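Here is work-v3.csv, consisting of CSV, C-alpha atoms:
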```csv
chain,number,residue,atom,x,y,z
A,1,MET,CA,103.9,43.9,44.6
A,2,ALA,CA,104.7,40.4,43.4
A,3,LYS,CA,106.1,38.0,45.9
A,4,THR,CA,109.7,36.8,45.2
A,5,VAL,CA,110.3,33.0,45.3
A,6,ASP,CA,113.2,31.6,47.3
A,7,ALA,CA,115.4,29.7,44.8
A,8,LYS,CA,118.6,27.7,45.3
A,9,HIS,CA,121.7,29.7,44.4
A,10,ILE,CA,125.2,28.3,44.0
A,11,ILE,CA,127.8,30.9,44.8
A,12,SER,CA,131.5,30.5,44.2
A,13,ILE,CA,133.7,32.7,46.3
A,14,THR,CA,137.5,32.8,45.7
A,15,VAL,CA,139.2,33.9,48.9
A,16,GLU,CA,142.7,34.3,50.4
A,17,ASN,CA,143.7,31.0,51.9
A,18,LYS,CA,144.0,32.4,55.5
A,19,PRO,CA,142.7,31.4,58.9
A,20,GLY,CA,139.4,32.9,59.9
A,21,VAL,CA,138.1,33.5,56.4
A,22,LEU,CA,135.6,30.7,56.5
A,23,ALA,CA,134.2,32.0,59.8
A,24,ARG,CA,133.8,35.5,58.4
A,25,ILE,CA,132.0,34.3,55.3
A,26,SER,CA,129.7,31.9,57.0
A,27,GLY,CA,129.0,34.5,59.7
A,28,LEU,CA,127.8,36.9,57.0
A,29,PHE,CA,125.3,34.4,55.8
A,30,SER,CA,124.0,33.5,59.3
A,31,SER,CA,123.8,37.2,60.3
A,32,ARG,CA,121.4,37.7,57.3
A,33,GLY,CA,119.3,34.8,58.4
A,34,PHE,CA,120.4,32.4,55.6
A,35,ASN,CA,120.8,28.7,56.2
A,36,ILE,CA,123.6,27.3,54.2
A,37,ASP,CA,122.4,24.2,52.4
A,38,SER,CA,125.8,23.1,51.3
A,39,LEU,CA,129.4,24.4,51.9
A,40,ALA,CA,132.5,23.0,50.3
A,41,VAL,CA,136.0,24.6,50.6
A,42,GLY,CA,139.3,23.7,49.1
A,43,GLU,CA,142.5,25.1,47.7
A,44,THR,CA,142.5,26.2,44.1
A,45,GLU,CA,145.2,25.7,41.4
A,46,GLU,CA,146.9,28.7,43.3
A,47,PRO,CA,147.8,27.5,46.8
A,48,THR,CA,147.3,31.0,48.3
A,49,LEU,CA,143.7,31.0,47.2
A,50,SER,CA,140.7,28.8,48.2
A,51,ARG,CA,137.3,28.4,46.6
A,52,MET,CA,134.2,28.2,48.7
A,53,THR,CA,131.1,26.8,47.0
A,54,ILE,CA,128.0,27.7,48.9
A,55,VAL,CA,124.4,26.7,48.2
A,56,VAL,CA,121.7,28.8,49.8
A,57,LYS,CA,118.0,29.4,49.2
A,58,GLY,CA,116.8,33.0,48.9
A,59,ASP,CA,115.2,35.6,46.8
A,60,GLU,CA,117.2,37.6,44.3
A,61,ALA,CA,117.1,40.9,46.1
A,62,THR,CA,118.5,39.4,49.3
A,63,LEU,CA,121.2,37.4,47.5
A,64,GLU,CA,122.3,40.6,45.7
A,65,GLN,CA,122.8,42.2,49.1
A,66,ILE,CA,124.9,39.2,50.2
A,67,ARG,CA,127.0,39.4,47.0
A,68,LYS,CA,127.7,43.1,47.7
A,69,GLN,CA,128.6,42.4,51.4
A,70,LEU,CA,130.9,39.5,50.3
A,71,GLY,CA,132.7,41.9,47.9
A,72,LYS,CA,133.5,44.2,50.9
A,73,ILE,CA,135.3,41.5,52.8
A,74,ILE,CA,139.1,42.1,52.4
A,75,ASP,CA,140.0,38.4,51.9
A,76,VAL,CA,137.4,37.9,49.1
A,77,VAL,CA,139.0,38.0,45.7
A,78,LYS,CA,136.0,37.1,43.5
A,79,VAL,CA,132.3,36.3,44.0
A,80,GLN,CA,130.3,34.5,41.3
A,81,ASP,CA,126.6,33.5,41.5
A,82,PHE,CA,126.0,30.7,39.0
A,83,SER,CA,122.3,31.6,38.5
A,84,GLY,CA,121.6,31.7,34.8
A,85,LEU,CA,125.0,30.3,33.9
A,86,ASP,CA,125.9,27.0,32.3
A,87,PHE,CA,127.8,25.0,34.9
A,88,VAL,CA,128.8,21.6,36.0
A,89,GLU,CA,128.1,20.5,39.5
A,90,ARG,CA,129.0,17.5,41.5
A,91,ASP,CA,128.4,16.1,45.0
A,92,LEU,CA,130.2,13.1,46.5
A,93,ALA,CA,128.5,10.7,48.8
A,94,LEU,CA,129.4,7.6,50.8
A,95,LEU,CA,126.5,5.4,51.7
A,96,LYS,CA,126.7,2.4,54.1
A,97,VAL,CA,123.9,0.1,53.3
A,98,ASN,CA,122.6,-3.1,54.9
A,99,ALA,CA,123.6,-5.9,52.5
A,100,PRO,CA,122.7,-9.4,53.5
A,101,ALA,CA,124.1,-12.0,51.1
A,102,ALA,CA,120.7,-12.6,49.5
A,103,LYS,CA,120.4,-8.9,48.5
A,104,ARG,CA,124.0,-8.0,47.4
A,105,GLY,CA,123.4,-8.8,43.8
A,106,GLU,CA,120.4,-6.4,43.6
A,107,ILE,CA,122.4,-3.7,45.3
A,108,LEU,CA,125.4,-4.2,43.1
A,109,GLN,CA,123.2,-3.9,40.0
A,110,ILE,CA,121.8,-0.6,41.2
A,111,VAL,CA,125.3,0.7,42.0
A,112,GLU,CA,126.4,-0.2,38.5
A,113,VAL,CA,123.4,1.6,36.9
A,114,PHE,CA,124.3,4.8,38.9
A,115,ARG,CA,128.0,4.3,38.0
A,116,GLY,CA,128.9,4.1,41.7
A,117,LYS,CA,131.7,2.1,43.3
A,118,ILE,CA,131.8,-0.3,46.2
A,119,VAL,CA,134.6,1.0,48.4
A,120,ASP,CA,134.2,-1.3,51.5
A,121,VAL,CA,132.6,-4.7,52.1
A,122,GLY,CA,131.6,-6.0,55.5
A,123,GLN,CA,129.8,-9.1,56.6
A,124,ARG,CA,126.5,-7.2,56.7
A,125,HIS,CA,127.1,-4.0,54.8
A,126,LEU,CA,128.4,-2.5,51.6
A,127,MET,CA,129.8,1.0,51.4
A,128,ILE,CA,129.0,2.8,48.2
A,129,GLU,CA,130.8,5.8,46.7
A,130,LEU,CA,128.8,7.9,44.3
A,131,SER,CA,129.4,11.3,42.7
A,132,GLY,CA,127.2,13.4,40.4
A,133,PRO,CA,124.6,16.1,40.5
A,134,GLU,CA,122.5,16.4,43.7
A,135,ALA,CA,119.5,14.7,42.0
A,136,LYS,CA,121.5,11.6,41.2
A,137,ILE,CA,122.7,11.3,44.8
A,138,GLU,CA,119.1,11.8,46.1
A,139,ALA,CA,117.8,9.2,43.7
A,140,MET,CA,120.4,6.6,44.9
A,141,ILE,CA,119.6,7.3,48.5
A,142,ALA,CA,115.9,6.8,47.8
A,143,LEU,CA,116.6,3.5,46.1
A,144,MET,CA,118.8,2.3,49.0
A,145,GLN,CA,116.2,3.1,51.6
A,146,PRO,CA,114.4,-0.2,51.4
A,147,TYR,CA,117.7,-2.1,52.1
A,148,GLY,CA,118.3,0.0,55.2
A,149,ILE,CA,120.8,2.9,55.1
A,150,LYS,CA,123.1,2.7,58.1
A,151,GLU,CA,125.0,6.0,57.4
A,152,VAL,CA,125.4,8.7,54.8
A,153,ALA,CA,128.2,11.2,54.4
A,154,ARG,CA,128.2,13.9,51.7
A,155,THR,CA,130.7,16.5,50.7
A,156,GLY,CA,128.3,19.2,49.6
A,157,ARG,CA,128.2,20.5,46.1
A,158,ILE,CA,131.0,21.9,44.1
A,159,ALA,CA,130.5,23.7,40.8
A,160,MET,CA,132.4,25.3,37.9
A,161,VAL,CA,131.1,27.4,35.0
A,162,ARG,CA,131.5,25.6,31.7
A,163,GLY,CA,133.9,26.8,29.0
A,164,VAL,CA,137.3,28.5,29.0
A,165,LYS,CA,138.1,32.0,30.2
```
What is this file in structure tokens?
Amino acid sequence: MAKTVDAKHIISITVENKPGVLARISGLFSSRGFNIDSLAVGETEEPTLSRMTIVVKGDEATLEQIRKQLGKIIDVVKVQDFSGLDFVERDLALLKVNAPAAKRGEILQIVEVFRGKIVDVGQRHLMIELSGPEAKIEAMIALMQPYGIKEVARTGRIAMVRGVK
């Protein structure tokens, strides 16, 4: 029997906007031994509904079981796995970077190339806002390492299937 490879899956779950739903959903993943790589939750265009975007690694068979279990939760309206679909994804990051006066010009050039934005300036640091696919965020973090990253905060990925329903 061929071994299945654990791949990253982005799952979008539309749920009733009620207390306790997030705990039930995340509990389902943890009870199956899945580590959630990324989790983002927010209201949709309909205030009574929220969208949870969850990124997990796993094989297809196990993910299918999770999708079925999610469908049984009463507060879940819709479950969509983006595997094999054409979608747009974004992650938002804030990076606080050491920025002595002599290095600021270099840092600003890199930020410009990545279409980032400086959102705070201190005597010894710059705070950078950057959004885009995970690979772009990871590349920026790697380029900022030599300057000294003081702090990183990330939202986790959000995603939406391309096209119109």
Rank nothing, just name the residue among A:His9, A:Lys57, A:Lys103, A:Arg115 nearest to Gly33 of chain A, using only C-alpha atoms.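 The shortest atom-to-atom distance to Gly33 of chain A comes from A:Lys57.
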A:Val77, A:Leu126, A:Leu85, A:Ala40 ranked by distance to Ala101 of chain A, top pick (using only C-alpha atoms): A:Leu126
At a cut-off of 10 Å, using all atoms listed in the file, what residues contact Asp37 of chain A? Leave out same-chain residues fewer than 3 positions from it and give the result as a PyMOL selection string. chain A and resi 8-10+34+54-57+156-157
Pick from A:His125, A:Arg24, A:Lys68, A:Arg90 nearest to Ala159 of chain A, counting only C-alpha atoms: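 Smallest distance to Ala159 of chain A is found for A:Arg90.
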Return the single residue from A:Lys136, A:Lys18, A:Lys78, A:Lys150 that is closest to Arg124 of chain A, with distances computed using all atoms listed in the file. A:Lys150
Using only C-alpha atoms, the residue out of A:Glu60, A:Gly71, A:Ile110, A:Val121 with shortest distance to Ala139 of chain A is A:Ile110
Residue nearest Asp81 of chain A among A:Gly163, A:Ile11, A:Glu64, A:Gly116 (counting all atoms listed in the file):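 Using all atoms listed in the file, the shortest distance to Asp81 of chain A belongs to A:Ile11.
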Taking (128.7, 0.8, 47.0) as a centre in this file's frame and 7 Å as the limit, can you find every polymer residue with an atom that close, using all atoms listed in the file, and give them as a PDB file with C-alpha atoms, in the coordinates of the input?
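Everything below was put into selection23.pdb:
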```pdb
ATOM      1  CA  LEU A  95     126.500   5.400  51.700  1.00  0.00           C
ATOM      2  CA  VAL A 111     125.300   0.700  42.000  1.00  0.00           C
ATOM      3  CA  GLY A 116     128.900   4.100  41.700  1.00  0.00           C
ATOM      4  CA  LYS A 117     131.700   2.100  43.300  1.00  0.00           C
ATOM      5  CA  ILE A 118     131.800  -0.300  46.200  1.00  0.00           C
ATOM      6  CA  VAL A 119     134.600   1.000  48.400  1.00  0.00           C
ATOM      7  CA  LEU A 126     128.400  -2.500  51.600  1.00  0.00           C
ATOM      8  CA  MET A 127     129.800   1.000  51.400  1.00  0.00           C
ATOM      9  CA  ILE A 128     129.000   2.800  48.200  1.00  0.00           C
ATOM     10  CA  GLU A 129     130.800   5.800  46.700  1.00  0.00           C
TER      11      GLU A 129
END
```
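One distance worth recording is that between atom CA of Gly27 of chain A and atom CA of Asp91 of chain A, which is 23.6 Å.
Atom CA of Gly42 of chain A is found 16.7 Å from atom CA of Val161 of chain A.
Atom pair atom CA of Ile74 of chain A / atom CA of Arg32 of chain A has a distance of 18.9 Å (rounded to one decimal).
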Considering only C-alpha atoms, return as a list in words whatever protein or nucleic-acid residues lie within 12 Å of Glu43 of chain A, sequence-local ones (same chain, fewer than 3 positions apart) excluded.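 Skipping anything fewer than 3 positions along the chain leaves Ile13, Thr14, Val15, Glu16, Asn17, Lys18, Ala40, Glu46, Pro47, Thr48, Leu49, Ser50, Arg51, Met52 and Thr53 of chain A.
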Could the residues in this selection be written to a file with C-alpha atoms, as an mmCIF file, in the coordinates of the input?
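Okay, selection.cif is ready:
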```cif
data_model
loop_
_atom_site.group_PDB
_atom_site.id
_atom_site.type_symbol
_atom_site.label_atom_id
_atom_site.label_comp_id
_atom_site.auth_asym_id
_atom_site.auth_seq_id
_atom_site.Cartn_x
_atom_site.Cartn_y
_atom_site.Cartn_z
ATOM 1 C CA ILE A 13 133.700 32.700 46.300
ATOM 2 C CA THR A 14 137.500 32.800 45.700
ATOM 3 C CA VAL A 15 139.200 33.900 48.900
ATOM 4 C CA GLU A 16 142.700 34.300 50.400
ATOM 5 C CA ASN A 17 143.700 31.000 51.900
ATOM 6 C CA LYS A 18 144.000 32.400 55.500
ATOM 7 C CA ALA A 40 132.500 23.000 50.300
ATOM 8 C CA GLU A 46 146.900 28.700 43.300
ATOM 9 C CA PRO A 47 147.800 27.500 46.800
ATOM 10 C CA THR A 48 147.300 31.000 48.300
ATOM 11 C CA LEU A 49 143.700 31.000 47.200
ATOM 12 C CA SER A 50 140.700 28.800 48.200
ATOM 13 C CA ARG A 51 137.300 28.400 46.600
ATOM 14 C CA MET A 52 134.200 28.200 48.700
ATOM 15 C CA THR A 53 131.100 26.800 47.000
#
```
Which residues are near Pro146 of chain A? Cut-off 12 Å, only C-alpha atoms, ignore same chain within fewer than 2 positions. Put them as number ranges by chain. A: 97-99, 103, 106-107, 140-144, 148-150
Taking the point (117.8, 35.1, 40.0) as given in the file, collect each protein or nucleic acid residue that comes within 9 Å of it, counting only C-alpha atoms, and present the set as a ChimeraX atom specification. /A:7,9,59-61,63,83-84
Skip Ile25 of chain A itself and residues of its chain fewer than 2 positions away, then list as a list in words all residues within 10 Å of it, counting all atoms listed in the file.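 Once the adjacent positions are removed, what remains is Ile13, Val15, Gly20, Val21, Leu22, Ala23, Gly27, Leu28, Phe29, Ser30, Met52, Gln69, Leu70, Ile73, Asp75 and Val76 of chain A.
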